[in-house]
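Down below is the structure, laid out as structure tokens.
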Amino acid sequence: KAQVNDGAVFFDIGANIGSIGLPVVLSKKNVLYSGFEASPNVFNFLKKNFEENKVRYFTLCNKLVHEDSNRAMKFYEAELYGKSSLAPTYTDKSIDVKSISLDNYCEEQGIKKIDWVKVDVQGFELYVFKGMKEMLRNKHVQNILFEFEAWADEQAGIETGAALKYLEEEGYVLFGIDGLPWKQSAKQKETMIWARPA
């Protein structure tokens, strides 16, 4: 939160009920917030939290951020917050949700740069990054915070560390939350990685 400047463009992918994004927009001036939450049930609480806290500048999108847009995708919606996923990790009950890529979203909204992106999508981070390849390739994304857990990649059917490798191939450098290079970071045992353009 301390690293986010006033007026920053902040994308919250897997926003849940706003537990990370809401404190940011309430503590900083004029943050332009875009929150994406695939679960219709959780999305209703996210929307309510932003409206009740009278947040000024925000856009909420009840779609699943993925590699491309307008796909109908099977999404396993759990009753517990933060436990829904594209994989049947927590429940076998599924619904159909529509996908959106961040490249498409940014083009439609006229967004030229993103200061911060937070991604927490239960092992499917790789597809979020593939859906913003133009923004990444042009270094229009300044900071990415994303969750990495080997077991989540396994549940998603993705090679362990594929999201990390993809970002590095697009010219991003990985750090721990402590700011040290990822391979040297004491935070490597934790789950959050910070990526910035090289």
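In the structure tokens, the first chain shown is A, the next is B, and so on; residue numbers restart at 1 for each chain, and ligands run from 1 in the order shown.
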
List the spatial neighbours of A:Val97 as a PDB file with C-alpha atoms, in the first residue's frame - criterion: any atom at most 12 Å away, only C-alpha atoms, same-chain residues fewer than 3 positions off excluded.
ATOM      1  CA  GLU A  37     -13.971 -10.854  -9.929  1.00  0.00           C
ATOM      2  CA  ALA A  38     -15.329 -13.897 -11.793  1.00  0.00           C
ATOM      3  CA  SER A  39     -17.656 -15.217  -9.084  1.00  0.00           C
ATOM      4  CA  PRO A  40     -21.099 -13.541  -9.389  1.00  0.00           C
ATOM      5  CA  ASN A  41     -21.804 -14.211  -5.729  1.00  0.00           C
ATOM      6  CA  CYS A  61     -15.978  -6.153 -13.848  1.00  0.00           C
ATOM      7  CA  ASN A  62     -17.752  -9.456 -13.198  1.00  0.00           C
ATOM      8  CA  LYS A  63     -15.679 -11.437 -15.703  1.00  0.00           C
ATOM      9  CA  LEU A  64     -12.845 -13.928 -15.584  1.00  0.00           C
ATOM     10  CA  VAL A  65      -9.515 -12.423 -16.663  1.00  0.00           C
ATOM     11  CA  HIS A  66      -7.889 -14.834 -19.082  1.00  0.00           C
ATOM     12  CA  SER A  69     -12.123 -12.367 -24.341  1.00  0.00           C
ATOM     13  CA  ASN A  70     -15.687 -13.527 -24.803  1.00  0.00           C
ATOM     14  CA  ARG A  71     -15.159 -17.196 -24.024  1.00  0.00           C
ATOM     15  CA  ALA A  72     -17.720 -19.052 -21.944  1.00  0.00           C
ATOM     16  CA  MET A  73     -15.660 -20.831 -19.308  1.00  0.00           C
ATOM     17  CA  LYS A  74     -16.541 -23.364 -16.639  1.00  0.00           C
ATOM     18  CA  PHE A  75     -15.815 -21.791 -13.241  1.00  0.00           C
ATOM     19  CA  TYR A  76     -16.014 -23.634  -9.924  1.00  0.00           C
ATOM     20  CA  GLU A  77     -17.713 -21.257  -7.518  1.00  0.00           C
ATOM     21  CA  SER A  85     -11.244 -21.358  -9.333  1.00  0.00           C
ATOM     22  CA  LEU A  86     -11.111 -22.628 -12.895  1.00  0.00           C
ATOM     23  CA  SER A  94     -19.574 -25.049 -11.593  1.00  0.00           C
ATOM     24  CA  ILE A 100     -11.891 -10.943 -20.743  1.00  0.00           C
TER      25      ILE A 100
END

Exercise. For A:Arg196, work out the shell of residues within 8 Å, counting only C-alpha atoms and skipping chain neighbours fewer than 3 positions away, then give it as a PyMOL selection string.
Key: chain A and resi 141-144+172-174

Written file, previous selection with C-alpha atoms, as a compact mmCIF listing (two decimals), in the first residue's frame:
# COMPACT_ATOMS: atom_id res chain seq x y z
CA VAL A 141 2.76 -2.30 -16.75
CA GLN A 142 5.08 -0.96 -14.05
CA ASN A 143 4.50 -3.32 -11.11
CA ILE A 144 2.92 -6.75 -10.81
CA TYR A 172 10.38 -8.43 -16.35
CA VAL A 173 12.58 -8.98 -13.31
CA LEU A 174 11.23 -10.87 -10.29

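Put simply, atom CA of A:Ile177 is 27.6 Å away from atom CA of A:Tyr105.
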
Taking only C-alpha atoms into account, produce a table as a tab-separated table in which each residue of stretch 59-132 of chain A with an atom at most 12 Å from an atom of stretch 150-165 of chain A appears once, together with its shortest atom pair and the distance in Å to one decimal, ordered by chain and rising number.
residue	atom	partner	partner_atom	distance
A:Lys83	CA	A:Ala152	CA	11.6
A:Ser85	CA	A:Ala156	CA	8.8
A:Leu86	CA	A:Ala156	CA	7.5
A:Ala87	CA	A:Ala156	CA	5.9
A:Pro88	CA	A:Gln155	CA	8.3
A:Thr89	CA	A:Gln155	CA	6.8
A:Tyr90	CA	A:Gln155	CA	10.5
A:Val119	CA	A:Ala163	CA	11.2
A:Asp120	CA	A:Ala152	CA	10.7
A:Val121	CA	A:Ala152	CA	9.2
A:Gln122	CA	A:Ala152	CA	5.7
A:Gly123	CA	A:Ala152	CA	4.4
A:Phe124	CA	A:Ala156	CA	6.3
A:Glu125	CA	A:Ala163	CA	6.1
A:Leu126	CA	A:Ala163	CA	4.4
A:Tyr127	CA	A:Ala163	CA	8.1
A:Val128	CA	A:Ala163	CA	9.1
A:Phe129	CA	A:Ala163	CA	7.4
A:Lys130	CA	A:Ala163	CA	9.0

In stretch 3-146 of chain A, DSSP alpha helix (DSSP H) residues written as a PDB file with N, CA, C and O atoms, in the first residue's frame:
ATOM      1  N   GLY A  21      -7.705  -4.387  -2.438  1.00  0.00           N
ATOM      2  CA  GLY A  21      -7.910  -3.161  -3.209  1.00  0.00           C
ATOM      3  C   GLY A  21      -8.555  -2.032  -2.435  1.00  0.00           C
ATOM      4  O   GLY A  21      -8.169  -0.867  -2.576  1.00  0.00           O
ATOM      5  N   LEU A  22      -9.534  -2.348  -1.602  1.00  0.00           N
ATOM      6  CA  LEU A  22     -10.267  -1.304  -0.883  1.00  0.00           C
ATOM      7  C   LEU A  22      -9.373  -0.481   0.047  1.00  0.00           C
ATOM      8  O   LEU A  22      -9.431   0.754   0.020  1.00  0.00           O
ATOM      9  N   PRO A  23      -8.498  -1.095   0.866  1.00  0.00           N
ATOM     10  CA  PRO A  23      -7.605  -0.277   1.708  1.00  0.00           C
ATOM     11  C   PRO A  23      -6.697   0.634   0.889  1.00  0.00           C
ATOM     12  O   PRO A  23      -6.359   1.735   1.332  1.00  0.00           O
ATOM     13  N   VAL A  24      -6.305   0.194  -0.313  1.00  0.00           N
ATOM     14  CA  VAL A  24      -5.457   1.032  -1.166  1.00  0.00           C
ATOM     15  C   VAL A  24      -6.207   2.285  -1.598  1.00  0.00           C
ATOM     16  O   VAL A  24      -5.710   3.404  -1.446  1.00  0.00           O
ATOM     17  N   VAL A  25      -7.410   2.116  -2.131  1.00  0.00           N
ATOM     18  CA  VAL A  25      -8.140   3.279  -2.640  1.00  0.00           C
ATOM     19  C   VAL A  25      -8.629   4.199  -1.522  1.00  0.00           C
ATOM     20  O   VAL A  25      -8.832   5.398  -1.745  1.00  0.00           O
ATOM     21  N   LEU A  26      -8.787   3.662  -0.319  1.00  0.00           N
ATOM     22  CA  LEU A  26      -9.220   4.498   0.806  1.00  0.00           C
ATOM     23  C   LEU A  26      -8.066   5.280   1.421  1.00  0.00           C
ATOM     24  O   LEU A  26      -8.281   6.300   2.071  1.00  0.00           O
ATOM     25  N   SER A  27      -6.840   4.820   1.216  1.00  0.00           N
ATOM     26  CA  SER A  27      -5.683   5.480   1.839  1.00  0.00           C
ATOM     27  C   SER A  27      -4.916   6.385   0.874  1.00  0.00           C
ATOM     28  O   SER A  27      -4.080   7.182   1.296  1.00  0.00           O
ATOM     29  N   PRO A  40     -19.974 -14.482  -9.527  1.00  0.00           N
ATOM     30  CA  PRO A  40     -21.099 -13.541  -9.389  1.00  0.00           C
ATOM     31  C   PRO A  40     -21.496 -13.305  -7.939  1.00  0.00           C
ATOM     32  O   PRO A  40     -21.825 -12.180  -7.557  1.00  0.00           O
ATOM     33  N   ASN A  41     -21.437 -14.339  -7.133  1.00  0.00           N
ATOM     34  CA  ASN A  41     -21.804 -14.211  -5.729  1.00  0.00           C
ATOM     35  C   ASN A  41     -20.844 -13.279  -4.994  1.00  0.00           C
ATOM     36  O   ASN A  41     -21.256 -12.341  -4.308  1.00  0.00           O
ATOM     37  N   VAL A  42     -19.553 -13.505  -5.148  1.00  0.00           N
ATOM     38  CA  VAL A  42     -18.551 -12.672  -4.481  1.00  0.00           C
ATOM     39  C   VAL A  42     -18.567 -11.262  -5.062  1.00  0.00           C
ATOM     40  O   VAL A  42     -18.388 -10.273  -4.329  1.00  0.00           O
ATOM     41  N   PHE A  43     -18.809 -11.151  -6.370  1.00  0.00           N
ATOM     42  CA  PHE A  43     -18.838  -9.839  -7.021  1.00  0.00           C
ATOM     43  C   PHE A  43     -19.874  -8.921  -6.370  1.00  0.00           C
ATOM     44  O   PHE A  43     -19.638  -7.714  -6.221  1.00  0.00           O
ATOM     45  N   ASN A  44     -21.010  -9.467  -5.989  1.00  0.00           N
ATOM     46  CA  ASN A  44     -22.044  -8.653  -5.345  1.00  0.00           C
ATOM     47  C   ASN A  44     -21.534  -8.029  -4.048  1.00  0.00           C
ATOM     48  O   ASN A  44     -21.835  -6.863  -3.748  1.00  0.00           O
ATOM     49  N   PHE A  45     -20.743  -8.775  -3.292  1.00  0.00           N
ATOM     50  CA  PHE A  45     -20.174  -8.240  -2.053  1.00  0.00           C
ATOM     51  C   PHE A  45     -19.080  -7.215  -2.351  1.00  0.00           C
ATOM     52  O   PHE A  45     -18.939  -6.213  -1.652  1.00  0.00           O
ATOM     53  N   LEU A  46     -18.293  -7.465  -3.390  1.00  0.00           N
ATOM     54  CA  LEU A  46     -17.264  -6.514  -3.800  1.00  0.00           C
ATOM     55  C   LEU A  46     -17.900  -5.169  -4.148  1.00  0.00           C
ATOM     56  O   LEU A  46     -17.460  -4.108  -3.678  1.00  0.00           O
ATOM     57  N   LYS A  47     -18.945  -5.225  -4.958  1.00  0.00           N
ATOM     58  CA  LYS A  47     -19.643  -4.005  -5.374  1.00  0.00           C
ATOM     59  C   LYS A  47     -20.233  -3.272  -4.168  1.00  0.00           C
ATOM     60  O   LYS A  47     -20.100  -2.040  -4.035  1.00  0.00           O
ATOM     61  N   LYS A  48     -20.841  -4.022  -3.281  1.00  0.00           N
ATOM     62  CA  LYS A  48     -21.448  -3.427  -2.079  1.00  0.00           C
ATOM     63  C   LYS A  48     -20.391  -2.741  -1.219  1.00  0.00           C
ATOM     64  O   LYS A  48     -20.603  -1.630  -0.725  1.00  0.00           O
ATOM     65  N   ASN A  49     -19.234  -3.376  -1.061  1.00  0.00           N
ATOM     66  CA  ASN A  49     -18.171  -2.797  -0.230  1.00  0.00           C
ATOM     67  C   ASN A  49     -17.658  -1.482  -0.806  1.00  0.00           C
ATOM     68  O   ASN A  49     -17.390  -0.535  -0.059  1.00  0.00           O
ATOM     69  N   PHE A  50     -17.516  -1.404  -2.116  1.00  0.00           N
ATOM     70  CA  PHE A  50     -17.032  -0.163  -2.728  1.00  0.00           C
ATOM     71  C   PHE A  50     -18.094   0.927  -2.656  1.00  0.00           C
ATOM     72  O   PHE A  50     -17.773   2.097  -2.411  1.00  0.00           O
ATOM     73  N   GLU A  51     -19.340   0.560  -2.854  1.00  0.00           N
ATOM     74  CA  GLU A  51     -20.410   1.554  -2.796  1.00  0.00           C
ATOM     75  C   GLU A  51     -20.603   2.081  -1.374  1.00  0.00           C
ATOM     76  O   GLU A  51     -20.744   3.288  -1.160  1.00  0.00           O
ATOM     77  N   GLU A  52     -20.578   1.186  -0.390  1.00  0.00           N
ATOM     78  CA  GLU A  52     -20.786   1.605   0.997  1.00  0.00           C
ATOM     79  C   GLU A  52     -19.635   2.446   1.524  1.00  0.00           C
ATOM     80  O   GLU A  52     -19.822   3.278   2.418  1.00  0.00           O
ATOM     81  N   LEU A 102      -6.870  -8.563 -20.536  1.00  0.00           N
ATOM     82  CA  LEU A 102      -6.536  -7.207 -20.123  1.00  0.00           C
ATOM     83  C   LEU A 102      -6.117  -6.341 -21.300  1.00  0.00           C
ATOM     84  O   LEU A 102      -6.330  -5.123 -21.283  1.00  0.00           O
ATOM     85  N   ASP A 103      -5.530  -6.938 -22.334  1.00  0.00           N
ATOM     86  CA  ASP A 103      -5.221  -6.152 -23.534  1.00  0.00           C
ATOM     87  C   ASP A 103      -6.507  -5.584 -24.140  1.00  0.00           C
ATOM     88  O   ASP A 103      -6.586  -4.403 -24.500  1.00  0.00           O
ATOM     89  N   ASN A 104      -7.549  -6.428 -24.249  1.00  0.00           N
ATOM     90  CA  ASN A 104      -8.832  -5.961 -24.780  1.00  0.00           C
ATOM     91  C   ASN A 104      -9.457  -4.914 -23.878  1.00  0.00           C
ATOM     92  O   ASN A 104      -9.951  -3.880 -24.346  1.00  0.00           O
ATOM     93  N   TYR A 105      -9.434  -5.180 -22.577  1.00  0.00           N
ATOM     94  CA  TYR A 105     -10.033  -4.244 -21.617  1.00  0.00           C
ATOM     95  C   TYR A 105      -9.358  -2.878 -21.708  1.00  0.00           C
ATOM     96  O   TYR A 105     -10.032  -1.845 -21.752  1.00  0.00           O
ATOM     97  N   CYS A 106      -8.032  -2.864 -21.733  1.00  0.00           N
ATOM     98  CA  CYS A 106      -7.300  -1.592 -21.772  1.00  0.00           C
ATOM     99  C   CYS A 106      -7.578  -0.839 -23.069  1.00  0.00           C
ATOM    100  O   CYS A 106      -7.729   0.388 -23.072  1.00  0.00           O
ATOM    101  N   GLU A 107      -7.680  -1.576 -24.166  1.00  0.00           N
ATOM    102  CA  GLU A 107      -7.992  -0.936 -25.448  1.00  0.00           C
ATOM    103  C   GLU A 107      -9.385  -0.325 -25.421  1.00  0.00           C
ATOM    104  O   GLU A 107      -9.587   0.816 -25.838  1.00  0.00           O
ATOM    105  N   GLU A 108     -10.348  -1.067 -24.890  1.00  0.00           N
ATOM    106  CA  GLU A 108     -11.736  -0.571 -24.824  1.00  0.00           C
ATOM    107  C   GLU A 108     -11.856   0.642 -23.911  1.00  0.00           C
ATOM    108  O   GLU A 108     -12.624   1.561 -24.186  1.00  0.00           O
ATOM    109  N   GLN A 109     -11.100   0.637 -22.814  1.00  0.00           N
ATOM    110  CA  GLN A 109     -11.198   1.715 -21.818  1.00  0.00           C
ATOM    111  C   GLN A 109     -10.221   2.864 -22.082  1.00  0.00           C
ATOM    112  O   GLN A 109     -10.230   3.852 -21.350  1.00  0.00           O
ATOM    113  N   GLU A 125      -2.445 -17.744 -13.057  1.00  0.00           N
ATOM    114  CA  GLU A 125      -1.818 -16.453 -13.334  1.00  0.00           C
ATOM    115  C   GLU A 125      -1.219 -16.383 -14.750  1.00  0.00           C
ATOM    116  O   GLU A 125      -1.245 -15.324 -15.383  1.00  0.00           O
ATOM    117  N   LEU A 126      -0.702 -17.502 -15.239  1.00  0.00           N
ATOM    118  CA  LEU A 126      -0.091 -17.526 -16.572  1.00  0.00           C
ATOM    119  C   LEU A 126      -1.047 -16.985 -17.625  1.00  0.00           C
ATOM    120  O   LEU A 126      -0.648 -16.214 -18.510  1.00  0.00           O
ATOM    121  N   TYR A 127      -2.327 -17.369 -17.558  1.00  0.00           N
ATOM    122  CA  TYR A 127      -3.283 -16.953 -18.571  1.00  0.00           C
ATOM    123  C   TYR A 127      -3.644 -15.476 -18.450  1.00  0.00           C
ATOM    124  O   TYR A 127      -3.939 -14.823 -19.445  1.00  0.00           O
ATOM    125  N   VAL A 128      -3.610 -14.962 -17.233  1.00  0.00           N
ATOM    126  CA  VAL A 128      -3.798 -13.518 -17.048  1.00  0.00           C
ATOM    127  C   VAL A 128      -2.684 -12.770 -17.773  1.00  0.00           C
ATOM    128  O   VAL A 128      -2.926 -11.809 -18.509  1.00  0.00           O
ATOM    129  N   PHE A 129      -1.437 -13.227 -17.587  1.00  0.00           N
ATOM    130  CA  PHE A 129      -0.296 -12.565 -18.205  1.00  0.00           C
ATOM    131  C   PHE A 129      -0.313 -12.702 -19.737  1.00  0.00           C
ATOM    132  O   PHE A 129       0.007 -11.759 -20.451  1.00  0.00           O
ATOM    133  N   LYS A 130      -0.732 -13.875 -20.225  1.00  0.00           N
ATOM    134  CA  LYS A 130      -0.820 -14.054 -21.672  1.00  0.00           C
ATOM    135  C   LYS A 130      -1.865 -13.121 -22.278  1.00  0.00           C
ATOM    136  O   LYS A 130      -1.744 -12.707 -23.429  1.00  0.00           O
ATOM    137  N   LYS A 133      -0.283  -9.517 -23.001  1.00  0.00           N
ATOM    138  CA  LYS A 133       1.047  -9.608 -23.606  1.00  0.00           C
ATOM    139  C   LYS A 133       1.465  -8.314 -24.289  1.00  0.00           C
ATOM    140  O   LYS A 133       2.648  -7.953 -24.274  1.00  0.00           O
ATOM    141  N   GLU A 134       0.522  -7.589 -24.894  1.00  0.00           N
ATOM    142  CA  GLU A 134       0.884  -6.328 -25.552  1.00  0.00           C
ATOM    143  C   GLU A 134       1.275  -5.268 -24.516  1.00  0.00           C
ATOM    144  O   GLU A 134       2.245  -4.538 -24.711  1.00  0.00           O
ATOM    145  N   MET A 135       0.532  -5.206 -23.427  1.00  0.00           N
ATOM    146  CA  MET A 135       0.865  -4.260 -22.354  1.00  0.00           C
ATOM    147  C   MET A 135       2.225  -4.596 -21.745  1.00  0.00           C
ATOM    148  O   MET A 135       3.026  -3.709 -21.449  1.00  0.00           O
ATOM    149  N   LEU A 136       2.493  -5.885 -21.589  1.00  0.00           N
ATOM    150  CA  LEU A 136       3.778  -6.306 -21.028  1.00  0.00           C
ATOM    151  C   LEU A 136       4.915  -6.044 -22.011  1.00  0.00           C
ATOM    152  O   LEU A 136       5.967  -5.507 -21.637  1.00  0.00           O
ATOM    153  N   ARG A 137       4.708  -6.413 -23.253  1.00  0.00           N
ATOM    154  CA  ARG A 137       5.759  -6.288 -24.269  1.00  0.00           C
ATOM    155  C   ARG A 137       6.190  -4.839 -24.446  1.00  0.00           C
ATOM    156  O   ARG A 137       7.359  -4.546 -24.696  1.00  0.00           O
TER     157      ARG A 137
END

Quiz item: How many Å separate atom CA of A:Phe10 from atom CA of A:Glu149?
Solution: 23.1 Å

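The space between atom CA of A:Lys139 and atom CA of A:Asp68 spans 19.4 Å.
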
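Considering the residues A:Pro197, A:Asn5, A:Asp92, A:Ile20 and counting only C-alpha atoms, A:Glu79 has its shortest atom-to-atom contact with A:Asp92.
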
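Checking A:Arg56, A:Lys183, A:Lys93, A:Lys98 one by one against A:Leu32, counting only C-alpha atoms, you find the shortest gap at A:Arg56.
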
Quiz item: So which bits of stretch 33-116 of chain A end up strand (DSSP E) when you DSSP the backbone, as a VMD selection string?
Solution: chain A and resid 33 to 36 58 to 61 64 to 65 72 to 76 94 to 100 116

Quiz prompt | Spatial neighbours of A:Asp12, 6 Å, only C-alpha atoms, chain gap at least 6 places, as a list of chain:residue names | solution = A:Gly35, A:Val117, A:Lys118

Quiz item: Leaving out A:Ser34 and any residue of its chain fewer than 2 positions from it, which residues lie within 6 Å of it when counting only C-alpha atoms, given as a PyMOL selection string?
Solution: chain A and resi 11+58-60

Please produce an output containing N, CA and C atoms for each residue in the selection, written as a tab-separated table (two decimals), in the first residue's frame.
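Below you can see again.tsv, which holds the result:
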chain	number	residue	atom	x	y	z
A	11	PHE	N	-4.95	-2.24	-10.95
A	11	PHE	CA	-5.79	-3.35	-11.39
A	11	PHE	C	-5.74	-4.45	-10.34
A	58	PHE	N	-13.74	4.09	-9.42
A	58	PHE	CA	-13.57	2.65	-9.52
A	58	PHE	C	-14.45	2.07	-10.63
A	59	THR	N	-13.95	0.98	-11.18
A	59	THR	CA	-14.70	0.20	-12.16
A	59	THR	C	-14.61	-1.25	-11.73
A	60	LEU	N	-15.74	-1.92	-11.70
A	60	LEU	CA	-15.77	-3.34	-11.32
A	60	LEU	C	-16.28	-4.16	-12.50
